[in-house]
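Participant: Could you have a look at this structure, given as structure tokens, before my questions?
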Amino acid sequence: MSDAKTIESVMDERRRFPPSKEFSESAHIKSKETYEEMYRGSIRDPVAFWEKWAKEIDWYTPWTKTFDWDPKEVRIEWFRGGKLNASHNCLDRHARSWRKNKAALIWQGEPENDVRTFTYQQLLAEVCKFANVLKSKGVKKGDRVAIYLPMIPELPIAMLACARIGAIHSIVFGGFSSESLKDRIADSGCKILITADGSYRGGKLVALKANGDIALAKEHYVENVVVVKRTGIPVEMKEGRDTWWHDEMETASTVCEPEVMDAEDPLFILYTSGSTGKPKGVLHTTGGYMLYVLLTFKWIFDYRDEDTFWCTADIGWITGHSYIVYGPLAAGATTVMFEGIPTYPQVDRYWRIVEKFKVNIFYTAPTAIRALMREGEKWPGSRDLSSIRLLGSVGEAINPEAWMWYYNVIGGGKCPIVDTWWQTETGGILITPLPGATVLKPGCATVPFFGIDPGILREDATEADINEGGYLVIKKPWPGIMRTVYGQHERFKDIYWTRFPGVYLTGDGARRDEDGDIWIVGRVDDVIKVSGHRIGAAEVESALVSHKDVAEAAVVPMPHPIKGEAIFAFVTLKAGVPEREELKKELIQHVRQQVGPIAAPEMIQFANALPKTRSGKIMRRILRRIATGNVEELGDTTTLADPSVVDKLVSSRKELVK
Ligand code: 7RM
């Protein structure tokens, strides 16, 4: 559980922001009463609720059983027997309607003049072409396709092409290292890799293809590599394996019938970090996921056909999968996609894009808000943000100060903020305000979405009292929940369904206030959220230990004013290795190479020994407090094998702060 201090500080928050009359009147969900009535219905009879709303999706064949599950084996099935295709739902059905010439995707490249807009019919044509390219490479239904691309239109095109032919995409964020890419390609047995020569990042060029080549130097099943030319940096093309995207697309047909998929056929795998071991391949299936992202998108972002929606996430993370691509396109929306970063060429880049495309709904992360807040009001103040009518936040709890700035400076004091809590595993948003119905509280994720039945449990599985922190669980499966860890169903059961049998364990702590609103307190496991990116302590530790001079490492979060959390590493060197400042730099570099730049430790402290229990378990609770500088409240240290270890760590931590 997080420190009592954090809990107290958010409990002081007494500001309330009810939706305005104008907003509520035109919203999909217009009042608290409507929300509550629909919510109660969805919990009393989830089958009837989801059956009714499943008609928002196009089905080739209707399902025969809406929901079935075996809590013991954790087999979850939604819409058994139902047949559909995700790319048909995102493209064909709109291209056949009045939306055919509506902008589906507006892409803003990092260079200001790189803008590409795809109508629904144009996007469909591109997707069909690439689907045919995949087919020509022998990719079939059920095959895994690795995608390692920057934020360029070819990324959603490749995703939807996979969905069209029933191949399972596994997208690897462009900021991950070749080593991480290699692990992910191997774990899911990908047959083909889609990548680019390089990518732009804050005016610099990053080599992607070269990373791909390193990843493929080891054992794998990859037969083909398709390379998008984005930057023009030189690459090596391996004869017989590597081809250019533009060459392949030149002759590809724009006609490709979508594959008829079962509701429970896999749609994608996305790797995510947990407490232990290597990242897990979170597997999502077709019917339930598509329905869940469509409905959450429509109602939480209160989407109307005339709106332009912009989610600033990278498609390499779940937020981009669900709320740049699948949710918005399933709803027939106009979705904006941005290649660059918020601070390049200047810190007003986001606000320029809002102004340029007249963005109506803007969805970003607290870390970006804090970074831009620091630059002052003059940047947003000199751009016209009046098109915005709704704001969203995701990735970590938003601190009330950032919330107020977002509300007043970006939203002009008139736009609701939806603070959306969810996870890679949940597919879509679970806890969030409904903007026309919910009274907002800065820093509070508020209420469950329809069909979501959360609990906050004590160690002994009883329900926590009002304002008592506990484990956040969800008591029953919803359509968007992951179905398994790819190839490791036992791991899925162990991680999520064993601590409290039969309920989904989120890994987060939460409390419910006197109004019944849910406040997320933070992770209760060893996951660190660095700038909203999810990093497993175990991965960073194993990267550190793989360095020749390191004997042992323990990694914990430390608070950071912009990143939210940063990585603090305690490192024990091998006997005889001197402690040098240079070595710290080398270790940081090593982690960047092994995992990726996002996992680089902020601070390293050398430690002769780490605090351990008599059974040899590292006591992270103590290390967390030391890293935070919170050494007055170290708690009970009597169970340590050698309590003097702690005193040494505390005194050397003090020296670290100059
Ligand atoms: C969407 C995403 C999931 C973890 C989750 C939380 C944290 C996400 C919020 C939040 C407080 C929020 N997927 N988290 N959103 N905490 N308020 N609105 O981030 O798989 O990468 O991370 O992120 O700890 O468990 S994720």
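Quick note on naming: the chains in the structure tokens go A, B, ... in the order shown, residues restart at 1 in each chain, and ligands are numbered from 1 in order of appearance.
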Per residue of chain A within 6 Å of ligand 1, record the nearest atom pair and its distance in Å to one decimal, counting only C-alpha atoms and all ligand atoms, with rows in chain order and ascending residue number, as a Markdown table.
Facilitator:
```
| residue | atom | partner | partner_atom_place_in_ligand_line | distance |
| --- | --- | --- | --- | --- |
| A:Thr319 | CA | ligand 1 | 1 (C) | 5.4 |
| A:Val394 | CA | ligand 1 | 15 (N) | 4.5 |
| A:Gly395 | CA | ligand 1 | 8 (C) | 3.6 |
| A:Glu396 | CA | ligand 1 | 10 (C) | 3.5 |
| A:Ala397 | CA | ligand 1 | 11 (C) | 3.4 |
| A:Asp419 | CA | ligand 1 | 18 (N) | 4.9 |
| A:Thr420 | CA | ligand 1 | 18 (N) | 4.2 |
| A:Trp421 | CA | ligand 1 | 18 (N) | 3.6 |
| A:Trp422 | CA | ligand 1 | 1 (C) | 4.9 |
| A:Gln423 | CA | ligand 1 | 13 (N) | 3.5 |
| A:Thr424 | CA | ligand 1 | 20 (O) | 3.7 |
| A:Ala445 | CA | ligand 1 | 18 (N) | 5.9 |
| A:Asp508 | CA | ligand 1 | 25 (O) | 5.4 |
| A:Ile520 | CA | ligand 1 | 11 (C) | 5.1 |
| A:Gly522 | CA | ligand 1 | 24 (O) | 5.2 |
| A:Arg523 | CA | ligand 1 | 24 (O) | 5.0 |
| A:His533 | CA | ligand 1 | 21 (O) | 5.8 |
| A:Arg534 | CA | ligand 1 | 21 (O) | 5.0 |
```
Participant: Residues within 10 Å of range 96-98 of chain A, please, as number ranges by chain. Count only C-alpha atoms; anything in the same chain fewer than 4 positions from it doesn't count.
Facilitator: A: 91-92, 102, 120-121, 332
Participant: Take the residues just selected and output them with all heavy atoms as an mmCIF file, in the first residue's frame.
Facilitator:
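Dumped to out-v8.cif:
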```
data_model
loop_
_atom_site.group_PDB
_atom_site.id
_atom_site.type_symbol
_atom_site.label_atom_id
_atom_site.label_comp_id
_atom_site.auth_asym_id
_atom_site.auth_seq_id
_atom_site.Cartn_x
_atom_site.Cartn_y
_atom_site.Cartn_z
ATOM 1 N N LEU A 91 -13.807 -0.219 -40.612
ATOM 2 C CA LEU A 91 -13.646 0.407 -41.927
ATOM 3 C C LEU A 91 -14.831 0.181 -42.866
ATOM 4 O O LEU A 91 -15.549 1.119 -43.198
ATOM 5 C CB LEU A 91 -12.370 -0.115 -42.591
ATOM 6 C CG LEU A 91 -11.076 0.144 -41.806
ATOM 7 C CD1 LEU A 91 -9.925 -0.650 -42.410
ATOM 8 C CD2 LEU A 91 -10.751 1.636 -41.777
ATOM 9 N N ASP A 92 -15.038 -1.062 -43.289
ATOM 10 C CA ASP A 92 -16.015 -1.334 -44.348
ATOM 11 C C ASP A 92 -17.394 -0.760 -44.041
ATOM 12 O O ASP A 92 -18.033 -0.155 -44.905
ATOM 13 C CB ASP A 92 -16.169 -2.836 -44.584
ATOM 14 C CG ASP A 92 -14.844 -3.519 -44.851
ATOM 15 O OD1 ASP A 92 -13.932 -3.394 -43.993
ATOM 16 O OD2 ASP A 92 -14.707 -4.173 -45.886
ATOM 17 N N LYS A 102 -15.636 10.768 -44.859
ATOM 18 C CA LYS A 102 -15.278 11.399 -43.589
ATOM 19 C C LYS A 102 -13.822 11.051 -43.282
ATOM 20 O O LYS A 102 -13.369 9.940 -43.585
ATOM 21 C CB LYS A 102 -16.205 10.858 -42.488
ATOM 22 C CG LYS A 102 -15.866 11.367 -41.095
ATOM 23 C CD LYS A 102 -16.851 10.882 -40.026
ATOM 24 C CE LYS A 102 -16.373 11.392 -38.667
ATOM 25 N NZ LYS A 102 -17.300 11.059 -37.577
ATOM 26 N N TYR A 120 -12.456 7.258 -44.641
ATOM 27 C CA TYR A 120 -12.734 5.845 -44.372
ATOM 28 C C TYR A 120 -12.486 4.993 -45.607
ATOM 29 O O TYR A 120 -11.896 3.916 -45.520
ATOM 30 C CB TYR A 120 -14.153 5.666 -43.808
ATOM 31 C CG TYR A 120 -14.124 5.812 -42.293
ATOM 32 C CD1 TYR A 120 -14.387 7.034 -41.680
ATOM 33 C CD2 TYR A 120 -13.741 4.740 -41.496
ATOM 34 C CE1 TYR A 120 -14.303 7.174 -40.299
ATOM 35 C CE2 TYR A 120 -13.656 4.869 -40.117
ATOM 36 C CZ TYR A 120 -13.938 6.080 -39.518
ATOM 37 O OH TYR A 120 -13.836 6.205 -38.163
ATOM 38 N N GLN A 121 -12.866 5.503 -46.764
ATOM 39 C CA GLN A 121 -12.660 4.643 -47.944
ATOM 40 C C GLN A 121 -11.183 4.550 -48.332
ATOM 41 O O GLN A 121 -10.719 3.491 -48.746
ATOM 42 C CB GLN A 121 -13.635 5.012 -49.055
ATOM 43 C CG GLN A 121 -13.259 5.993 -50.101
ATOM 44 C CD GLN A 121 -14.488 6.272 -50.995
ATOM 45 O OE1 GLN A 121 -15.143 5.333 -51.483
ATOM 46 N NE2 GLN A 121 -14.806 7.528 -51.212
ATOM 47 N N GLY A 332 -16.702 5.117 -35.938
ATOM 48 C CA GLY A 332 -16.801 5.994 -37.114
ATOM 49 C C GLY A 332 -16.278 7.392 -36.846
ATOM 50 O O GLY A 332 -16.712 8.365 -37.467
#
```
Participant: Check which residues of range 57-171 of chain A sit at most 8 Å from range 175-197 of chain A using only C-alpha atoms, and return one row each with the closest pair of atoms and their distance in Å to one decimal, ordered by chain and rising number, as JSON lines.
Facilitator:
```
{"residue": "A:Val139", "atom": "CA", "partner": "A:Lys191", "partner_atom": "CA", "distance": 7.5}
{"residue": "A:Asp143", "atom": "CA", "partner": "A:Lys191", "partner_atom": "CA", "distance": 6.8}
{"residue": "A:Arg144", "atom": "CA", "partner": "A:Cys190", "partner_atom": "CA", "distance": 4.5}
{"residue": "A:Val145", "atom": "CA", "partner": "A:Cys190", "partner_atom": "CA", "distance": 5.2}
{"residue": "A:Ala146", "atom": "CA", "partner": "A:Leu193", "partner_atom": "CA", "distance": 4.7}
{"residue": "A:Ile147", "atom": "CA", "partner": "A:Ile194", "partner_atom": "CA", "distance": 4.8}
{"residue": "A:Tyr148", "atom": "CA", "partner": "A:Thr195", "partner_atom": "CA", "distance": 4.9}
{"residue": "A:Leu149", "atom": "CA", "partner": "A:Thr195", "partner_atom": "CA", "distance": 5.0}
{"residue": "A:Pro150", "atom": "CA", "partner": "A:Ala196", "partner_atom": "CA", "distance": 7.4}
{"residue": "A:Ala158", "atom": "CA", "partner": "A:Ile194", "partner_atom": "CA", "distance": 7.9}
```
Participant: Store the residues picked out above, limited to N, CA, C and O atoms, as a short mmCIF file (atom, residue, chain, number, x, y, z; two decimals), in the first residue's frame.
Facilitator:
```cif
data_model
loop_
_atom_site.label_atom_id
_atom_site.label_comp_id
_atom_site.auth_asym_id
_atom_site.auth_seq_id
_atom_site.Cartn_x
_atom_site.Cartn_y
_atom_site.Cartn_z
N VAL A 139 1.28 -15.16 -44.73
CA VAL A 139 0.69 -14.96 -43.40
C VAL A 139 -0.77 -15.40 -43.43
O VAL A 139 -1.54 -14.99 -44.31
N ASP A 143 -1.58 -16.64 -37.41
CA ASP A 143 -0.14 -16.36 -37.38
C ASP A 143 0.12 -15.07 -36.59
O ASP A 143 -0.71 -14.17 -36.59
N ARG A 144 1.29 -15.00 -35.98
CA ARG A 144 1.65 -13.78 -35.23
C ARG A 144 2.54 -12.87 -36.08
O ARG A 144 3.47 -13.35 -36.73
N VAL A 145 2.22 -11.59 -36.01
CA VAL A 145 2.93 -10.58 -36.80
C VAL A 145 3.52 -9.55 -35.83
O VAL A 145 2.79 -8.92 -35.08
N ALA A 146 4.85 -9.39 -35.85
CA ALA A 146 5.48 -8.38 -35.00
C ALA A 146 5.50 -7.04 -35.72
O ALA A 146 5.85 -6.98 -36.91
N ILE A 147 5.10 -5.99 -35.04
CA ILE A 147 5.10 -4.65 -35.62
C ILE A 147 5.95 -3.75 -34.72
O ILE A 147 5.68 -3.62 -33.54
N TYR A 148 6.99 -3.17 -35.31
CA TYR A 148 7.93 -2.32 -34.57
C TYR A 148 8.09 -1.05 -35.39
O TYR A 148 9.00 -0.93 -36.18
N LEU A 149 7.12 -0.15 -35.24
CA LEU A 149 7.03 1.02 -36.12
C LEU A 149 6.90 2.28 -35.29
O LEU A 149 6.38 2.26 -34.17
N PRO A 150 7.34 3.41 -35.85
CA PRO A 150 7.05 4.69 -35.20
C PRO A 150 5.59 5.05 -35.40
O PRO A 150 4.83 4.32 -36.04
N ALA A 158 -1.07 -1.45 -40.78
CA ALA A 158 -0.58 -2.83 -40.58
C ALA A 158 -1.44 -3.57 -39.55
O ALA A 158 -1.76 -4.75 -39.73
#
```
Participant: Hey, can you check how far CA of Pro46 in chain A sits from CA of Gly451 in chain A?
Facilitator: 5.9 Å
Participant: Please determine, counting only C-alpha atoms, which residue among A:Pro611, A:Ile43, A:Thr117, A:Gly392 has the shortest atom-to-atom distance to Pro454 in chain A.
Facilitator: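 With only C-alpha atoms as the atom set, the closest residue is A:Ile43.
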Participant: From the list A:Arg614, A:Arg580, A:Arg349, A:Lys141, which residue is nearest Asp262 in chain A when using only C-alpha atoms?
Facilitator: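 Closest candidate: A:Lys141.
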Participant: Identify, on the basis of only C-alpha atoms, every residue whose closest approach to Asn608 in chain A does not exceed 10 Å; exclude the query and any residue fewer than 3 positions from it along the same chain; express the result as an MDAnalysis selection string.
Facilitator: chainID A and resid 552 570:575 579 605 645 648:649
Participant: Enumerate, as an NGL selection string, the complete set of residues in range 388-585 of chain A that a backbone-based DSSP assignment places in strand (DSSP E).
Facilitator: :A and (390-393 or 417-419 or 454-457 or 470-474 or 484-485 or 504-512 or 518-523 or 527-530 or 533-536 or 550-560 or 564-573)
Participant: I'd like to know which residues of range 94-220 of chain A are helix (DSSP H, G or I) (by DSSP, run on the backbone); could you write them as a PyMOL selection string?
Facilitator: chain A and resi 94-95+98-101+120-136+154-165+178-188+209-215
Participant: Which is closer to Leu291 in chain A than all the others in A:Val354, A:Ile622, A:Val347, A:Ala54, using only C-alpha atoms?
Facilitator: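 Among the listed residues, the smallest separation from Leu291 in chain A belongs to A:Ala54.
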Participant: Residues of range 129-180 of chain A that have any atom at most 9 Å from an atom of range 270-278 of chain A: could you tabulate them with the shortest-distance atom pair and the distance in Å to one decimal, using only C-alpha atoms, ordered by chain and increasing number, as a tab-separated table?
Facilitator:
```
residue	atom	partner	partner_atom	distance
A:His169	CA	A:Leu270	CA	8.2
A:Ser170	CA	A:Leu270	CA	5.6
A:Ile171	CA	A:Leu270	CA	6.4
A:Val172	CA	A:Leu270	CA	7.7
```
Participant: Keeping only all heavy atoms, write the selected residues to a file as an mmCIF file, in the first residue's frame.
Facilitator:
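Here's the written file result.cif:
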```
data_model
loop_
_atom_site.group_PDB
_atom_site.id
_atom_site.type_symbol
_atom_site.label_atom_id
_atom_site.label_comp_id
_atom_site.auth_asym_id
_atom_site.auth_seq_id
_atom_site.Cartn_x
_atom_site.Cartn_y
_atom_site.Cartn_z
ATOM 1 N N HIS A 169 -1.682 -9.416 -34.253
ATOM 2 C CA HIS A 169 -0.540 -8.506 -34.202
ATOM 3 C C HIS A 169 0.035 -8.416 -32.799
ATOM 4 O O HIS A 169 -0.670 -8.546 -31.803
ATOM 5 C CB HIS A 169 -0.856 -7.127 -34.789
ATOM 6 C CG HIS A 169 -2.002 -6.380 -34.175
ATOM 7 N ND1 HIS A 169 -1.942 -5.826 -32.921
ATOM 8 C CD2 HIS A 169 -3.226 -6.072 -34.689
ATOM 9 C CE1 HIS A 169 -3.096 -5.195 -32.689
ATOM 10 N NE2 HIS A 169 -3.900 -5.338 -33.727
ATOM 11 N N SER A 170 1.348 -8.221 -32.785
ATOM 12 C CA SER A 170 2.049 -8.015 -31.524
ATOM 13 C C SER A 170 2.914 -6.772 -31.744
ATOM 14 O O SER A 170 3.941 -6.830 -32.414
ATOM 15 C CB SER A 170 2.911 -9.235 -31.216
ATOM 16 O OG SER A 170 3.793 -8.930 -30.159
ATOM 17 N N ILE A 171 2.439 -5.651 -31.232
ATOM 18 C CA ILE A 171 3.131 -4.384 -31.466
ATOM 19 C C ILE A 171 4.146 -4.165 -30.356
ATOM 20 O O ILE A 171 3.838 -4.339 -29.172
ATOM 21 C CB ILE A 171 2.126 -3.220 -31.536
ATOM 22 C CG1 ILE A 171 1.114 -3.498 -32.657
ATOM 23 C CG2 ILE A 171 2.842 -1.885 -31.746
ATOM 24 C CD1 ILE A 171 0.061 -2.424 -32.835
ATOM 25 N N VAL A 172 5.365 -3.817 -30.756
ATOM 26 C CA VAL A 172 6.405 -3.522 -29.784
ATOM 27 C C VAL A 172 6.715 -2.029 -29.892
ATOM 28 O O VAL A 172 7.055 -1.536 -30.970
ATOM 29 C CB VAL A 172 7.664 -4.372 -30.045
ATOM 30 C CG1 VAL A 172 8.747 -4.055 -29.018
ATOM 31 C CG2 VAL A 172 7.316 -5.864 -30.019
#
```
Participant: Tell me which protein, DNA and RNA residues are within 10 Å of Ile618 in chain A, counting only C-alpha atoms, leaving out same-chain ones fewer than 5 positions away, and put them as a PyMOL selection string.
Facilitator: chain A and resi 553-554+610-613+623+640
Participant: Counting only C-alpha atoms, figure out which residue out of A:Pro433, A:Ile165, A:Trp405, A:Ile341 gets nearest to Tyr200 in chain A.
Facilitator: A:Ile341
Participant: Considering only C-alpha atoms, give me a table of residues in range 384-486 of chain A that are at most 12 Å from range 496-502 of chain A, with the closest atom pair and distance in Å for each, as JSON lines.
Facilitator:
```
{"residue": "A:Glu425", "atom": "CA", "partner": "A:Tyr496", "partner_atom": "CA", "distance": 9.8}
{"residue": "A:Thr426", "atom": "CA", "partner": "A:Tyr496", "partner_atom": "CA", "distance": 11.5}
{"residue": "A:Gly455", "atom": "CA", "partner": "A:Phe500", "partner_atom": "CA", "distance": 11.1}
{"residue": "A:Ile456", "atom": "CA", "partner": "A:Phe500", "partner_atom": "CA", "distance": 11.4}
{"residue": "A:Leu457", "atom": "CA", "partner": "A:Phe500", "partner_atom": "CA", "distance": 9.1}
{"residue": "A:Arg458", "atom": "CA", "partner": "A:Phe500", "partner_atom": "CA", "distance": 10.3}
{"residue": "A:Glu459", "atom": "CA", "partner": "A:Phe500", "partner_atom": "CA", "distance": 9.2}
{"residue": "A:Asp460", "atom": "CA", "partner": "A:Phe500", "partner_atom": "CA", "distance": 8.9}
{"residue": "A:Ala461", "atom": "CA", "partner": "A:Phe500", "partner_atom": "CA", "distance": 6.7}
{"residue": "A:Thr462", "atom": "CA", "partner": "A:Phe500", "partner_atom": "CA", "distance": 10.3}
{"residue": "A:Glu463", "atom": "CA", "partner": "A:Phe500", "partner_atom": "CA", "distance": 12.0}
{"residue": "A:Tyr471", "atom": "CA", "partner": "A:Phe500", "partner_atom": "CA", "distance": 9.8}
{"residue": "A:Leu472", "atom": "CA", "partner": "A:Phe500", "partner_atom": "CA", "distance": 10.8}
{"residue": "A:Val473", "atom": "CA", "partner": "A:Phe500", "partner_atom": "CA", "distance": 8.6}
{"residue": "A:Ile474", "atom": "CA", "partner": "A:Gly502", "partner_atom": "CA", "distance": 9.6}
{"residue": "A:Lys475", "atom": "CA", "partner": "A:Gly502", "partner_atom": "CA", "distance": 7.5}
{"residue": "A:Lys476", "atom": "CA", "partner": "A:Gly502", "partner_atom": "CA", "distance": 8.0}
{"residue": "A:Pro477", "atom": "CA", "partner": "A:Gly502", "partner_atom": "CA", "distance": 9.7}
{"residue": "A:Ile481", "atom": "CA", "partner": "A:Tyr496", "partner_atom": "CA", "distance": 11.5}
{"residue": "A:Met482", "atom": "CA", "partner": "A:Tyr496", "partner_atom": "CA", "distance": 10.7}
{"residue": "A:Arg483", "atom": "CA", "partner": "A:Tyr496", "partner_atom": "CA", "distance": 11.2}
{"residue": "A:Thr484", "atom": "CA", "partner": "A:Tyr496", "partner_atom": "CA", "distance": 10.2}
{"residue": "A:Val485", "atom": "CA", "partner": "A:Tyr496", "partner_atom": "CA", "distance": 10.5}
```
Participant: Could you work out how far CA of Ile466 in chain A lies from CA of Pro19 in chain A, giving the answer in Å with one decimal?
Facilitator: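 Result for CA of Pro19 in chain A versus CA of Ile466 in chain A: 24.9 Å, one decimal.
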Participant: In Å to one decimal, how far is CA of Phe23 in chain A from CA of Ile452 in chain A?
Facilitator: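 Interatomic distance, CA of Ile452 in chain A to CA of Phe23 in chain A: 24.7 Å.
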Participant: For range 365-376 of chain A, find every residue with an atom within 6 Å (counting only C-alpha atoms), except residues of its own chain fewer than 6 positions away, and show them as a list of chain:residue names.
Facilitator: A:Ser393, A:Val394, A:Gly395, A:Ile398, A:Ser531, A:Ile562, A:Lys563
Participant: Next, the residues of the selection above should be written as a compact mmCIF listing (two decimals), in the first residue's frame with N, CA and C atoms.
Facilitator:
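Below you can see selection_9.txt, which holds the result:
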```txt
# COMPACT_ATOMS: atom_id res chain seq x y z
N SER A 393 -7.68 12.03 -19.07
CA SER A 393 -6.39 11.75 -18.45
C SER A 393 -6.25 10.24 -18.25
N VAL A 394 -5.04 9.73 -18.41
CA VAL A 394 -4.82 8.28 -18.27
C VAL A 394 -3.37 7.98 -17.96
N GLY A 395 -3.13 6.87 -17.28
CA GLY A 395 -1.77 6.35 -17.11
C GLY A 395 -1.32 6.31 -15.67
N ILE A 398 -3.85 11.52 -11.45
CA ILE A 398 -3.48 12.91 -11.74
C ILE A 398 -3.52 13.70 -10.43
N SER A 531 6.61 8.07 -16.22
CA SER A 531 5.90 8.86 -17.24
C SER A 531 4.70 8.09 -17.80
N ILE A 562 7.95 15.38 -12.62
CA ILE A 562 7.36 15.32 -13.96
C ILE A 562 6.93 13.90 -14.31
N LYS A 563 7.85 12.96 -14.07
CA LYS A 563 7.58 11.57 -14.48
C LYS A 563 6.56 10.87 -13.57
```
Participant: Using only C-alpha atoms, which residue out of A:Trp107, A:Phe492, A:Trp478, A:Trp244 lies closest to Thr335 in chain A?
Facilitator: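 Result for the nearest residue to Thr335 in chain A: A:Trp107.
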Participant: Between A:Phe130, A:Trp379, A:Trp50, A:Phe67, which one has atoms that come closest to Ser253 in chain A, using only C-alpha atoms?
Facilitator: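 Of all the options, A:Phe130 lies closest to Ser253 in chain A.
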Participant: Neighbours of Pro559 in chain A within 9 Å (only C-alpha atoms; same-chain residues fewer than 6 positions away dropped), as an mmCIF file with N, CA and C atoms, in the first residue's frame?
Facilitator:
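File written: part-v1.cif
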```cif
data_model
loop_
_atom_site.group_PDB
_atom_site.id
_atom_site.type_symbol
_atom_site.label_atom_id
_atom_site.label_comp_id
_atom_site.auth_asym_id
_atom_site.auth_seq_id
_atom_site.Cartn_x
_atom_site.Cartn_y
_atom_site.Cartn_z
ATOM 1 N N GLU A 565 6.688 8.807 -11.251
ATOM 2 C CA GLU A 565 7.632 7.938 -10.562
ATOM 3 C C GLU A 565 8.876 7.793 -11.430
ATOM 4 N N ALA A 566 10.008 7.616 -10.757
ATOM 5 C CA ALA A 566 11.238 7.318 -11.474
ATOM 6 C C ALA A 566 11.844 6.076 -10.829
ATOM 7 N N ILE A 567 12.869 5.532 -11.480
ATOM 8 C CA ILE A 567 13.456 4.271 -11.021
ATOM 9 C C ILE A 567 14.674 4.534 -10.142
ATOM 10 N N ALA A 627 14.621 5.079 -0.616
ATOM 11 C CA ALA A 627 14.716 5.775 -1.905
ATOM 12 C C ALA A 627 13.966 7.104 -1.868
ATOM 13 N N THR A 628 12.840 7.104 -1.178
ATOM 14 C CA THR A 628 12.007 8.298 -1.076
ATOM 15 C C THR A 628 12.611 9.317 -0.119
#
```
